[in-house]
Amino acid sequence: MNITTKFLNHIYFARRQKAIAQYAHHAEAIQRRVLAHLVQRARHTEWGREHGFDDIRTYADFVRNVPVNTYEDLKGYIQRMREGEENVLWKGKIRWFAKSSGTTNDKSKFIPVSKEGLKRIHYLGGTDCVSAYLAVNPESRLFSDVSGKSLILGGSHTPNLNTPKSLVGDLSAILIENVPRAVNLTRIPEKSVALLSDFEEKRDRIARIAMQQDVRNLSGVPSWMLSVLHRVLELSGKETLDEVWPNLEVFFHGGVAFTPYREQYRRIIRSPRMHYMETYNASEGFFGIQTDLADPALMLMVDYDIFYEFIPMEQFGRPDAKAVPLWEVEPGVNYAMLISTSCGLWRYLIGDTVRFTQKNPYKFVITGRTKHFINAFGEELIVDNAEKGLEQACIATGAQVKEYTAAPIFMDANAKCRHQWVIEFVQRPASVDEFAAILDRSLQAINSDYEAKRYKDITLQPLEIIEAREGLFDDWLRAKGKLGGQHKIPRLSNSREYIDELIRLNA
């Protein structure tokens, strides 16, 4: 272990590693303290007065006084905060608002980001990522000398309404704008480039800067990072990134599932020393970190300024649906996640679904979105199913998928119903029909409801794949002004809105 890494690992990160170790035995007590802290800090806000925070002593009190909320429920409060009002959902004035790109809906969401949230949620999560990585890879050379750099991708921001010193934009841009000075010593590119709004210009400038540096770790959304990395290879004339950055050792990734991109990264980064560590960092908060490189499950970060609750998906949408606190969840159950945070989100339904794989410490996998699924015929197909099915089809055929989306065909000219997929391949299979058949069989093996609806083709016919031309999904995002940053493709939808737009653009 080099001296610098030894110092950072044992001195700077030791306190966090010790705190995280407490998750295994004291998660309930930690979460109860988090709830008490949030309620205490917000008791004199407008929200706190309206919901009797002075009278809340227990979790049961909190549930009784505060309803479950969607963005629409909080939008009026948030709009007033954007206009400069203080002490609305959280103490003081909030100057930063993350423009949510969790979906590609035209309607944007503006998530408040407080000073406490930056420090006690988002930046703490970044620190813990490095801490967790060094814990599992003590021979890391991330900090072996001052020449090592971190390539961190972000979006862009703009002034917020007419409110002085207030910004709205991608969460990543807000983080870069406010990042501690010490981090800027190792981060590239410089702020002026990192915050450019034109992704294609930014990609080119980042690539030209980065290829001249000793990059040792990457951080960003897999799809957009891959685009930058390909540009680095184009400009450098190299075949692999190992030739450009021989000390590259880890990619901290999040935002979208990594499965469709894994083989593409392996093709351009061949070093056996390369590691991939997943994070769950959303506009609403930093929730999970992969702490075991051999286990894809993420550890829930329970001592941040986030109090968690979960609604079983089998109850979701029902008037009598009951949320449970962390200490009452069960492994193997699919849950919709609720959060209360120091950014002023209260019992907020973020739209993501998770399934716990263990307790003590609590580890989970992201299974999809409460709205990103297909359940047109009772098949209850979620993104987790889709990712696993695609992985099996790719293994069997040697194909590689770049992007995809799927939606139902409710009834065609022959009164037949099926799922329709638009897939852009990096490496196309020898037979798209064979790929479709394997994907269909894999989904049946993974999802019993889908299998039942496919029985003898009575309800659902075999799925259909439309092969996308190269660059289709990027062109679609570009047309919506959403190319780059943290914008994502909606993987599954009960509606044909997205897929019909893509099919028309594919013609």
# chains A, B, ... in the order shown; residues from 1 in each chain; ligands from 1

$ residues_around --residues "A:Asp61" --least-positions-apart "3" --cutoff "12 Å" --atoms "only C-alpha atoms" --output "list of chain:residue names"
A:Leu35, A:Ala36, A:Val39, A:His51, A:Gly52, A:Phe53, A:Asp54, A:Asp55, A:Ile56, A:Arg57, A:Thr58, A:Arg64, A:Asn65, A:Val66, A:Pro67

$ write_last_selection --atoms "all heavy atoms" --output "short mmCIF file (atom, residue, chain, number, x, y, z; two decimals), in the first residue's frame"
data_model
loop_
_atom_site.label_atom_id
_atom_site.label_comp_id
_atom_site.auth_asym_id
_atom_site.auth_seq_id
_atom_site.Cartn_x
_atom_site.Cartn_y
_atom_site.Cartn_z
N LEU A 35 -34.91 10.34 11.66
CA LEU A 35 -36.26 10.90 11.62
C LEU A 35 -36.42 12.00 12.67
O LEU A 35 -36.96 13.08 12.37
CB LEU A 35 -37.29 9.79 11.86
CG LEU A 35 -38.75 10.27 11.91
CD1 LEU A 35 -39.17 10.93 10.61
CD2 LEU A 35 -39.68 9.08 12.23
N ALA A 36 -35.95 11.76 13.87
CA ALA A 36 -36.07 12.76 14.93
C ALA A 36 -35.32 14.04 14.56
O ALA A 36 -35.81 15.16 14.79
CB ALA A 36 -35.53 12.20 16.25
N VAL A 39 -37.33 15.98 11.74
CA VAL A 39 -38.53 16.62 12.28
C VAL A 39 -38.15 17.82 13.14
O VAL A 39 -38.78 18.89 13.06
CB VAL A 39 -39.35 15.60 13.10
CG1 VAL A 39 -40.45 16.29 13.90
CG2 VAL A 39 -39.95 14.55 12.17
N HIS A 51 -48.20 20.35 9.76
CA HIS A 51 -48.30 18.92 10.03
C HIS A 51 -47.89 18.56 11.46
O HIS A 51 -47.56 17.40 11.74
CB HIS A 51 -47.45 18.14 9.02
CG HIS A 51 -47.98 18.24 7.62
ND1 HIS A 51 -47.65 19.30 6.78
CD2 HIS A 51 -48.83 17.46 6.91
CE1 HIS A 51 -48.27 19.16 5.62
NE2 HIS A 51 -48.99 18.04 5.69
N GLY A 52 -47.95 19.53 12.36
CA GLY A 52 -47.79 19.25 13.78
C GLY A 52 -46.47 18.63 14.17
O GLY A 52 -46.43 17.72 15.01
N PHE A 53 -45.36 19.12 13.60
CA PHE A 53 -44.06 18.53 13.92
C PHE A 53 -43.71 18.69 15.40
O PHE A 53 -42.98 17.86 15.95
CB PHE A 53 -42.97 19.16 13.04
CG PHE A 53 -42.84 18.51 11.67
CD1 PHE A 53 -43.88 17.80 11.12
CD2 PHE A 53 -41.66 18.62 10.96
CE1 PHE A 53 -43.77 17.21 9.86
CE2 PHE A 53 -41.52 18.03 9.71
CZ PHE A 53 -42.58 17.32 9.16
N ASP A 54 -44.22 19.72 16.05
CA ASP A 54 -43.93 19.89 17.48
C ASP A 54 -44.51 18.75 18.32
O ASP A 54 -44.04 18.49 19.44
CB ASP A 54 -44.52 21.21 17.98
CG ASP A 54 -43.58 22.39 17.74
OD1 ASP A 54 -42.36 22.15 17.61
OD2 ASP A 54 -44.06 23.53 17.68
N ASP A 55 -45.50 18.05 17.78
CA ASP A 55 -46.15 16.97 18.52
C ASP A 55 -45.65 15.58 18.12
O ASP A 55 -46.14 14.57 18.63
CB ASP A 55 -47.66 17.03 18.29
CG ASP A 55 -48.27 18.33 18.79
OD1 ASP A 55 -47.81 18.83 19.83
OD2 ASP A 55 -49.19 18.86 18.12
N ILE A 56 -44.73 15.52 17.16
CA ILE A 56 -44.25 14.22 16.70
C ILE A 56 -43.14 13.72 17.62
O ILE A 56 -42.11 14.37 17.79
CB ILE A 56 -43.74 14.31 15.25
CG1 ILE A 56 -44.92 14.61 14.30
CG2 ILE A 56 -43.03 13.02 14.84
CD1 ILE A 56 -44.51 14.79 12.84
N ARG A 57 -43.36 12.58 18.23
CA ARG A 57 -42.37 11.96 19.11
C ARG A 57 -41.93 10.59 18.60
O ARG A 57 -40.84 10.12 18.95
CB ARG A 57 -42.95 11.79 20.52
CG ARG A 57 -43.37 13.09 21.18
CD ARG A 57 -42.16 13.93 21.57
NE ARG A 57 -42.58 15.16 22.27
CZ ARG A 57 -42.89 16.29 21.66
NH1 ARG A 57 -42.81 16.36 20.33
NH2 ARG A 57 -43.25 17.36 22.35
N THR A 58 -42.78 9.94 17.82
CA THR A 58 -42.50 8.57 17.37
C THR A 58 -42.75 8.45 15.87
O THR A 58 -43.33 9.34 15.24
CB THR A 58 -43.41 7.57 18.10
OG1 THR A 58 -44.78 7.81 17.70
CG2 THR A 58 -43.27 7.70 19.61
N ARG A 64 -49.04 9.37 11.22
CA ARG A 64 -50.38 9.92 11.45
C ARG A 64 -50.47 11.38 10.98
O ARG A 64 -51.50 11.80 10.46
CB ARG A 64 -50.70 9.83 12.95
CG ARG A 64 -52.12 10.28 13.31
CD ARG A 64 -52.49 9.87 14.72
NE ARG A 64 -51.48 10.23 15.70
CZ ARG A 64 -50.69 9.34 16.31
NH1 ARG A 64 -50.79 8.05 16.06
NH2 ARG A 64 -49.80 9.75 17.21
N ASN A 65 -49.41 12.13 11.12
CA ASN A 65 -49.45 13.57 10.81
C ASN A 65 -49.09 13.91 9.37
O ASN A 65 -49.50 14.96 8.87
CB ASN A 65 -48.48 14.33 11.73
CG ASN A 65 -48.99 14.45 13.15
OD1 ASN A 65 -49.85 13.69 13.57
ND2 ASN A 65 -48.48 15.42 13.89
N VAL A 66 -48.33 13.04 8.72
CA VAL A 66 -47.79 13.39 7.39
C VAL A 66 -48.28 12.37 6.35
O VAL A 66 -48.04 11.17 6.50
CB VAL A 66 -46.25 13.41 7.41
CG1 VAL A 66 -45.71 13.83 6.04
CG2 VAL A 66 -45.74 14.35 8.49
N PRO A 67 -48.95 12.82 5.29
CA PRO A 67 -49.40 11.90 4.25
C PRO A 67 -48.27 11.52 3.30
O PRO A 67 -47.24 12.18 3.25
CB PRO A 67 -50.47 12.73 3.51
CG PRO A 67 -49.96 14.13 3.64
CD PRO A 67 -49.34 14.22 5.02
#

$ closest_atom_pairs --of "stretch 90-150 of chain A" --to "stretch 160-176 of chain A" --cutoff "8 Å" --atoms "only C-alpha atoms" --output "CSV"
residue,atom,partner,partner_atom,distance
A:Arg95,CA,A:Ser166,CA,4.4
A:Trp96,CA,A:Leu167,CA,5.0
A:Phe97,CA,A:Val168,CA,4.7
A:Ala98,CA,A:Leu171,CA,4.8
A:Lys99,CA,A:Gly169,CA,4.9
A:Ser100,CA,A:Asp170,CA,7.0
A:Ser101,CA,A:Asp170,CA,7.7
A:Phe110,CA,A:Val168,CA,7.6
A:Leu118,CA,A:Leu175,CA,7.6
A:His122,CA,A:Leu175,CA,7.9
A:Tyr123,CA,A:Leu175,CA,7.9

$ write_last_selection --atoms "all heavy atoms" --output "compact mmCIF listing (two decimals), in the first residue's frame"
# COMPACT_ATOMS: atom_id res chain seq x y z
N ARG A 95 -31.41 27.48 -2.55
CA ARG A 95 -30.98 28.17 -3.76
C ARG A 95 -30.74 27.25 -4.95
O ARG A 95 -30.55 27.73 -6.06
CB ARG A 95 -29.70 28.96 -3.48
CG ARG A 95 -29.85 30.02 -2.40
CD ARG A 95 -28.58 30.86 -2.25
NE ARG A 95 -28.69 31.82 -1.17
CZ ARG A 95 -29.27 33.01 -1.27
NH1 ARG A 95 -29.81 33.36 -2.43
NH2 ARG A 95 -29.32 33.83 -0.24
N TRP A 96 -30.72 25.95 -4.72
CA TRP A 96 -30.41 25.01 -5.81
C TRP A 96 -31.57 24.05 -6.01
O TRP A 96 -32.14 23.52 -5.05
CB TRP A 96 -29.13 24.23 -5.49
CG TRP A 96 -27.99 25.14 -5.17
CD1 TRP A 96 -27.41 26.06 -5.99
CD2 TRP A 96 -27.29 25.23 -3.93
NE1 TRP A 96 -26.39 26.72 -5.35
CE2 TRP A 96 -26.29 26.23 -4.06
CE3 TRP A 96 -27.40 24.56 -2.71
CZ2 TRP A 96 -25.42 26.57 -3.05
CZ3 TRP A 96 -26.54 24.92 -1.68
CH2 TRP A 96 -25.56 25.89 -1.86
N PHE A 97 -31.89 23.81 -7.28
CA PHE A 97 -32.99 22.92 -7.63
C PHE A 97 -32.53 21.99 -8.75
O PHE A 97 -32.13 22.44 -9.82
CB PHE A 97 -34.22 23.73 -8.06
CG PHE A 97 -34.77 24.57 -6.95
CD1 PHE A 97 -34.25 25.85 -6.71
CD2 PHE A 97 -35.77 24.09 -6.12
CE1 PHE A 97 -34.72 26.63 -5.67
CE2 PHE A 97 -36.25 24.87 -5.08
CZ PHE A 97 -35.73 26.14 -4.85
N ALA A 98 -32.58 20.69 -8.46
CA ALA A 98 -32.17 19.70 -9.44
C ALA A 98 -33.33 19.40 -10.38
O ALA A 98 -34.41 19.01 -9.93
CB ALA A 98 -31.73 18.41 -8.73
N LYS A 99 -33.11 19.62 -11.65
CA LYS A 99 -34.13 19.34 -12.65
C LYS A 99 -34.13 17.85 -12.92
O LYS A 99 -33.18 17.31 -13.45
CB LYS A 99 -33.84 20.13 -13.93
CG LYS A 99 -34.97 20.13 -14.93
CD LYS A 99 -34.66 21.08 -16.09
CE LYS A 99 -35.80 21.13 -17.08
NZ LYS A 99 -35.50 22.07 -18.20
N SER A 100 -35.18 17.20 -12.50
CA SER A 100 -35.21 15.75 -12.53
C SER A 100 -35.25 15.23 -13.95
O SER A 100 -36.02 15.68 -14.78
CB SER A 100 -36.44 15.22 -11.78
OG SER A 100 -36.53 13.83 -11.89
N SER A 101 -34.38 14.26 -14.21
CA SER A 101 -34.38 13.59 -15.51
C SER A 101 -34.60 12.10 -15.33
O SER A 101 -34.09 11.29 -16.07
CB SER A 101 -33.06 13.84 -16.23
OG SER A 101 -31.97 13.46 -15.41
N PHE A 110 -38.58 19.82 -10.31
CA PHE A 110 -37.51 20.62 -9.74
C PHE A 110 -37.35 20.22 -8.27
O PHE A 110 -38.17 20.58 -7.42
CB PHE A 110 -37.82 22.11 -9.88
CG PHE A 110 -37.95 22.54 -11.32
CD1 PHE A 110 -39.19 22.56 -11.94
CD2 PHE A 110 -36.83 22.89 -12.05
CE1 PHE A 110 -39.32 22.94 -13.27
CE2 PHE A 110 -36.94 23.27 -13.38
CZ PHE A 110 -38.19 23.29 -14.00
N LEU A 118 -26.71 18.86 0.38
CA LEU A 118 -25.43 18.73 -0.33
C LEU A 118 -24.39 18.05 0.55
O LEU A 118 -23.71 17.12 0.11
CB LEU A 118 -24.92 20.11 -0.74
CG LEU A 118 -25.46 20.73 -2.03
CD1 LEU A 118 -24.89 22.12 -2.21
CD2 LEU A 118 -25.13 19.86 -3.24
N HIS A 122 -25.47 14.15 -0.56
CA HIS A 122 -24.79 13.95 -1.83
C HIS A 122 -23.26 13.88 -1.69
O HIS A 122 -22.64 12.93 -2.20
CB HIS A 122 -25.19 15.05 -2.80
CG HIS A 122 -26.64 15.00 -3.17
ND1 HIS A 122 -27.18 13.98 -3.93
CD2 HIS A 122 -27.67 15.83 -2.86
CE1 HIS A 122 -28.47 14.19 -4.09
NE2 HIS A 122 -28.80 15.30 -3.45
N TYR A 123 -22.65 14.84 -1.02
CA TYR A 123 -21.20 14.80 -0.90
C TYR A 123 -20.74 13.69 0.04
O TYR A 123 -19.69 13.07 -0.16
CB TYR A 123 -20.65 16.14 -0.43
CG TYR A 123 -20.71 17.22 -1.49
CD1 TYR A 123 -21.03 18.53 -1.17
CD2 TYR A 123 -20.45 16.92 -2.83
CE1 TYR A 123 -21.10 19.51 -2.15
CE2 TYR A 123 -20.52 17.89 -3.81
CZ TYR A 123 -20.84 19.20 -3.46
OH TYR A 123 -20.90 20.17 -4.44

$ residues_around --residues "A:Lys388" --least-positions-apart "3" --cutoff "9 Å" --atoms "only C-alpha atoms" --output "ChimeraX atom specification"
/A:259,383-385,391-393,442-443,446

$ write_last_selection --atoms "N, CA and C atoms" --output "short mmCIF file (atom, residue, chain, number, x, y, z; two decimals), in the first residue's frame"
data_model
loop_
_atom_site.label_atom_id
_atom_site.label_comp_id
_atom_site.auth_asym_id
_atom_site.auth_seq_id
_atom_site.Cartn_x
_atom_site.Cartn_y
_atom_site.Cartn_z
N THR A 259 -26.02 -3.31 -16.90
CA THR A 259 -26.00 -4.55 -17.66
C THR A 259 -25.88 -4.36 -19.17
N VAL A 383 -38.37 -3.63 -15.05
CA VAL A 383 -37.08 -3.41 -15.70
C VAL A 383 -36.06 -4.47 -15.31
N ASP A 384 -36.09 -4.91 -14.08
CA ASP A 384 -35.18 -5.96 -13.63
C ASP A 384 -35.34 -7.22 -14.47
N ASN A 385 -36.57 -7.59 -14.79
CA ASN A 385 -36.82 -8.74 -15.67
C ASN A 385 -36.22 -8.50 -17.04
N GLU A 391 -29.72 -9.90 -20.98
CA GLU A 391 -28.41 -10.45 -20.68
C GLU A 391 -28.31 -11.90 -21.17
N GLN A 392 -29.36 -12.69 -20.93
CA GLN A 392 -29.36 -14.08 -21.38
C GLN A 392 -29.33 -14.17 -22.91
N ALA A 393 -30.09 -13.31 -23.57
CA ALA A 393 -30.12 -13.32 -25.03
C ALA A 393 -28.78 -12.90 -25.61
N SER A 442 -36.51 -16.36 -22.05
CA SER A 442 -35.87 -15.94 -20.80
C SER A 442 -36.83 -15.18 -19.91
N LEU A 443 -37.63 -14.32 -20.51
CA LEU A 443 -38.62 -13.56 -19.73
C LEU A 443 -39.65 -14.50 -19.10
N ILE A 446 -38.07 -16.05 -16.10
CA ILE A 446 -37.82 -15.10 -15.02
C ILE A 446 -39.11 -14.66 -14.34
#

$ select_by_dssp --residues "stretch 392-507 of chain A" --states "strand (DSSP E)" --output "ChimeraX atom specification"
/A:400-409,418-427,464-467

$ write_last_selection --atoms "N, CA, C and O atoms" --output "mmCIF file, in the first residue's frame"
data_model
loop_
_atom_site.group_PDB
_atom_site.id
_atom_site.type_symbol
_atom_site.label_atom_id
_atom_site.label_comp_id
_atom_site.auth_asym_id
_atom_site.auth_seq_id
_atom_site.Cartn_x
_atom_site.Cartn_y
_atom_site.Cartn_z
ATOM 1 N N GLN A 400 -24.605 -7.458 -28.460
ATOM 2 C CA GLN A 400 -24.448 -6.430 -27.440
ATOM 3 C C GLN A 400 -25.486 -5.350 -27.696
ATOM 4 O O GLN A 400 -25.636 -4.876 -28.818
ATOM 5 N N VAL A 401 -26.206 -4.984 -26.650
ATOM 6 C CA VAL A 401 -27.281 -4.002 -26.745
ATOM 7 C C VAL A 401 -26.774 -2.653 -26.257
ATOM 8 O O VAL A 401 -26.189 -2.559 -25.180
ATOM 9 N N LYS A 402 -27.018 -1.606 -27.034
ATOM 10 C CA LYS A 402 -26.665 -0.251 -26.614
ATOM 11 C C LYS A 402 -27.829 0.398 -25.873
ATOM 12 O O LYS A 402 -27.672 0.879 -24.758
ATOM 13 N N GLU A 403 -29.005 0.438 -26.496
ATOM 14 C CA GLU A 403 -30.189 1.045 -25.893
ATOM 15 C C GLU A 403 -31.416 0.225 -26.271
ATOM 16 O O GLU A 403 -31.411 -0.487 -27.282
ATOM 17 N N TYR A 404 -32.484 0.372 -25.484
ATOM 18 C CA TYR A 404 -33.721 -0.320 -25.817
ATOM 19 C C TYR A 404 -34.893 0.342 -25.118
ATOM 20 O O TYR A 404 -34.736 1.061 -24.136
ATOM 21 N N THR A 405 -36.071 0.085 -25.635
ATOM 22 C CA THR A 405 -37.316 0.411 -24.959
ATOM 23 C C THR A 405 -38.359 -0.584 -25.424
ATOM 24 O O THR A 405 -38.209 -1.206 -26.485
ATOM 25 N N ALA A 406 -39.406 -0.766 -24.627
ATOM 26 C CA ALA A 406 -40.448 -1.730 -24.978
ATOM 27 C C ALA A 406 -41.800 -1.228 -24.511
ATOM 28 O O ALA A 406 -41.902 -0.503 -23.522
ATOM 29 N N ALA A 407 -42.838 -1.638 -25.244
ATOM 30 C CA ALA A 407 -44.216 -1.248 -24.924
ATOM 31 C C ALA A 407 -45.157 -2.287 -25.518
ATOM 32 O O ALA A 407 -44.775 -3.065 -26.396
ATOM 33 N N PRO A 408 -46.394 -2.321 -25.059
ATOM 34 C CA PRO A 408 -47.342 -3.308 -25.581
ATOM 35 C C PRO A 408 -47.983 -2.869 -26.889
ATOM 36 O O PRO A 408 -48.155 -1.680 -27.150
ATOM 37 N N ILE A 409 -48.299 -3.845 -27.721
ATOM 38 C CA ILE A 409 -49.256 -3.656 -28.810
ATOM 39 C C ILE A 409 -50.552 -4.275 -28.319
ATOM 40 O O ILE A 409 -50.637 -5.486 -28.098
ATOM 41 N N ARG A 418 -49.123 -8.272 -28.170
ATOM 42 C CA ARG A 418 -47.740 -8.683 -27.912
ATOM 43 C C ARG A 418 -46.959 -7.492 -27.352
ATOM 44 O O ARG A 418 -47.456 -6.379 -27.312
ATOM 45 N N HIS A 419 -45.729 -7.771 -26.941
ATOM 46 C CA HIS A 419 -44.802 -6.727 -26.559
ATOM 47 C C HIS A 419 -43.920 -6.402 -27.761
ATOM 48 O O HIS A 419 -43.456 -7.303 -28.465
ATOM 49 N N GLN A 420 -43.677 -5.120 -27.952
ATOM 50 C CA GLN A 420 -42.834 -4.667 -29.059
ATOM 51 C C GLN A 420 -41.604 -3.969 -28.468
ATOM 52 O O GLN A 420 -41.725 -3.112 -27.604
ATOM 53 N N TRP A 421 -40.446 -4.377 -28.932
ATOM 54 C CA TRP A 421 -39.183 -3.835 -28.448
ATOM 55 C C TRP A 421 -38.481 -3.106 -29.590
ATOM 56 O O TRP A 421 -38.459 -3.588 -30.726
ATOM 57 N N VAL A 422 -37.904 -1.942 -29.283
ATOM 58 C CA VAL A 422 -36.984 -1.269 -30.201
ATOM 59 C C VAL A 422 -35.604 -1.372 -29.569
ATOM 60 O O VAL A 422 -35.391 -0.905 -28.448
ATOM 61 N N ILE A 423 -34.670 -2.017 -30.264
ATOM 62 C CA ILE A 423 -33.339 -2.275 -29.717
ATOM 63 C C ILE A 423 -32.279 -1.760 -30.673
ATOM 64 O O ILE A 423 -32.297 -2.066 -31.868
ATOM 65 N N GLU A 424 -31.339 -0.984 -30.134
ATOM 66 C CA GLU A 424 -30.162 -0.559 -30.894
ATOM 67 C C GLU A 424 -28.988 -1.425 -30.449
ATOM 68 O O GLU A 424 -28.618 -1.420 -29.277
ATOM 69 N N PHE A 425 -28.453 -2.179 -31.385
ATOM 70 C CA PHE A 425 -27.350 -3.095 -31.080
ATOM 71 C C PHE A 425 -26.007 -2.425 -31.337
ATOM 72 O O PHE A 425 -25.832 -1.704 -32.327
ATOM 73 N N VAL A 426 -25.033 -2.706 -30.480
ATOM 74 C CA VAL A 426 -23.638 -2.396 -30.777
ATOM 75 C C VAL A 426 -23.070 -3.535 -31.602
ATOM 76 O O VAL A 426 -22.370 -3.328 -32.591
ATOM 77 N N GLN A 427 -23.371 -4.750 -31.191
ATOM 78 C CA GLN A 427 -23.023 -5.957 -31.939
ATOM 79 C C GLN A 427 -24.326 -6.704 -32.192
ATOM 80 O O GLN A 427 -24.925 -7.238 -31.263
ATOM 81 N N GLU A 464 -41.954 -8.959 -30.325
ATOM 82 C CA GLU A 464 -41.426 -8.485 -31.609
ATOM 83 C C GLU A 464 -40.278 -7.517 -31.347
ATOM 84 O O GLU A 464 -40.344 -6.685 -30.443
ATOM 85 N N ILE A 465 -39.218 -7.622 -32.143
ATOM 86 C CA ILE A 465 -38.095 -6.695 -32.040
ATOM 87 C C ILE A 465 -37.982 -5.876 -33.326
ATOM 88 O O ILE A 465 -37.962 -6.428 -34.428
ATOM 89 N N ILE A 466 -37.936 -4.563 -33.169
ATOM 90 C CA ILE A 466 -37.620 -3.664 -34.276
ATOM 91 C C ILE A 466 -36.182 -3.208 -34.073
ATOM 92 O O ILE A 466 -35.835 -2.645 -33.027
ATOM 93 N N GLU A 467 -35.333 -3.489 -35.048
ATOM 94 C CA GLU A 467 -33.932 -3.121 -34.930
ATOM 95 C C GLU A 467 -33.769 -1.631 -35.220
ATOM 96 O O GLU A 467 -34.170 -1.141 -36.272
#

$ closest_residue --among "A:Ser108, A:Asn447, A:Thr341, A:Ser271" --to "A:Gly378" --atoms "only C-alpha atoms"
A:Asn447

$ select_by_dssp --residues "stretch 111-274 of chain A" --states "helix (DSSP H, G or I)" --output "number ranges by chain"
A: 115-136, 171-178, 181-184, 191-194, 199-210, 222-236, 241-244, 259-268

$ atom_distance --atom1 "atom CA of A:Val183" --atom2 "atom CA of A:Val146"
12.0 Å

$ residues_around --residues "A:Met337" --least-positions-apart "6" --cutoff "9 Å" --atoms "only C-alpha atoms" --output "PyMOL selection string"
chain A and resi 308-312+323+348-354

$ residues_around --residues "A:Ala207" --least-positions-apart "3" --cutoff "10 Å" --atoms "only C-alpha atoms" --output "list in words"
Leu151, Pro189, Lys202, Arg203, Asp204, Ala210, Met211, Gln212, Ser227, Val228, Leu229, His230, Arg231, Val232, Leu233, Glu234, Leu235 and Ser236 of chain A

$ residues_around --residues "stretch 291-294 of chain A" --least-positions-apart "5" --cutoff "7 Å" --atoms "only C-alpha atoms" --output "VMD selection string"
chain A and resid 132 277 299

$ write_last_selection --atoms "all heavy atoms" --output "tab-separated table (two decimals), in the first residue's frame"
chain	number	residue	atom	x	y	z
A	132	ALA	N	-15.61	3.05	0.54
A	132	ALA	CA	-15.98	1.65	0.33
A	132	ALA	C	-15.05	0.97	-0.66
A	132	ALA	O	-14.68	-0.20	-0.50
A	132	ALA	CB	-17.42	1.57	-0.16
A	277	MET	N	-17.96	-0.09	-9.76
A	277	MET	CA	-18.70	0.03	-8.50
A	277	MET	C	-19.96	0.84	-8.75
A	277	MET	O	-19.91	2.00	-9.18
A	277	MET	CB	-17.84	0.70	-7.43
A	277	MET	CG	-18.55	0.89	-6.10
A	277	MET	SD	-17.45	1.44	-4.77
A	277	MET	CE	-16.72	-0.12	-4.29
A	299	MET	N	-25.62	-1.43	-0.64
A	299	MET	CA	-25.90	-1.21	0.77
A	299	MET	C	-26.70	0.08	0.92
A	299	MET	O	-26.33	1.12	0.38
A	299	MET	CB	-24.62	-1.11	1.59
A	299	MET	CG	-24.87	-0.90	3.09
A	299	MET	SD	-23.35	-0.86	4.07
A	299	MET	CE	-22.87	-2.59	3.97

$ closest_residue --among "A:Ala507, A:Cys129, A:Val302, A:Val244" --to "A:Thr279" --atoms "only C-alpha atoms"
A:Cys129

$ residues_around --residues "A:Phe373" --least-positions-apart "5" --cutoff "9 Å" --atoms "only C-alpha atoms" --output "VMD selection string"
chain A and resid 368 380 to 383 407 491 to 494

$ atom_distance --atom1 "atom CA of A:Val256" --atom2 "atom CA of A:Gly155"
15.2 Å

$ decode --residues "stretch 356-377 of chain A" --atoms "C-alpha atoms" --output "compact mmCIF listing (two decimals), in the first residue's frame"
# COMPACT_ATOMS: atom_id res chain seq x y z
CA PHE A 356 -33.92 -6.26 -0.43
CA THR A 357 -31.54 -9.19 -0.68
CA GLN A 358 -30.60 -9.22 3.02
CA LYS A 359 -30.92 -7.44 6.36
CA ASN A 360 -28.26 -6.40 8.87
CA PRO A 361 -26.82 -4.68 6.94
CA TYR A 362 -29.62 -3.88 4.54
CA LYS A 363 -28.71 -4.57 0.92
CA PHE A 364 -30.97 -4.19 -2.08
CA VAL A 365 -31.22 -4.18 -5.86
CA ILE A 366 -33.06 -1.61 -7.95
CA THR A 367 -35.88 -3.39 -9.75
CA GLY A 368 -37.34 -0.54 -11.81
CA ARG A 369 -39.80 2.33 -11.64
CA THR A 370 -43.35 2.45 -10.33
CA LYS A 371 -44.33 3.81 -13.75
CA HIS A 372 -41.70 2.09 -15.92
CA PHE A 373 -43.19 -1.37 -16.31
CA ILE A 374 -45.52 -3.19 -18.65
CA ASN A 375 -48.68 -4.55 -17.10
CA ALA A 376 -51.10 -4.26 -20.01
CA PHE A 377 -52.28 -7.86 -19.71
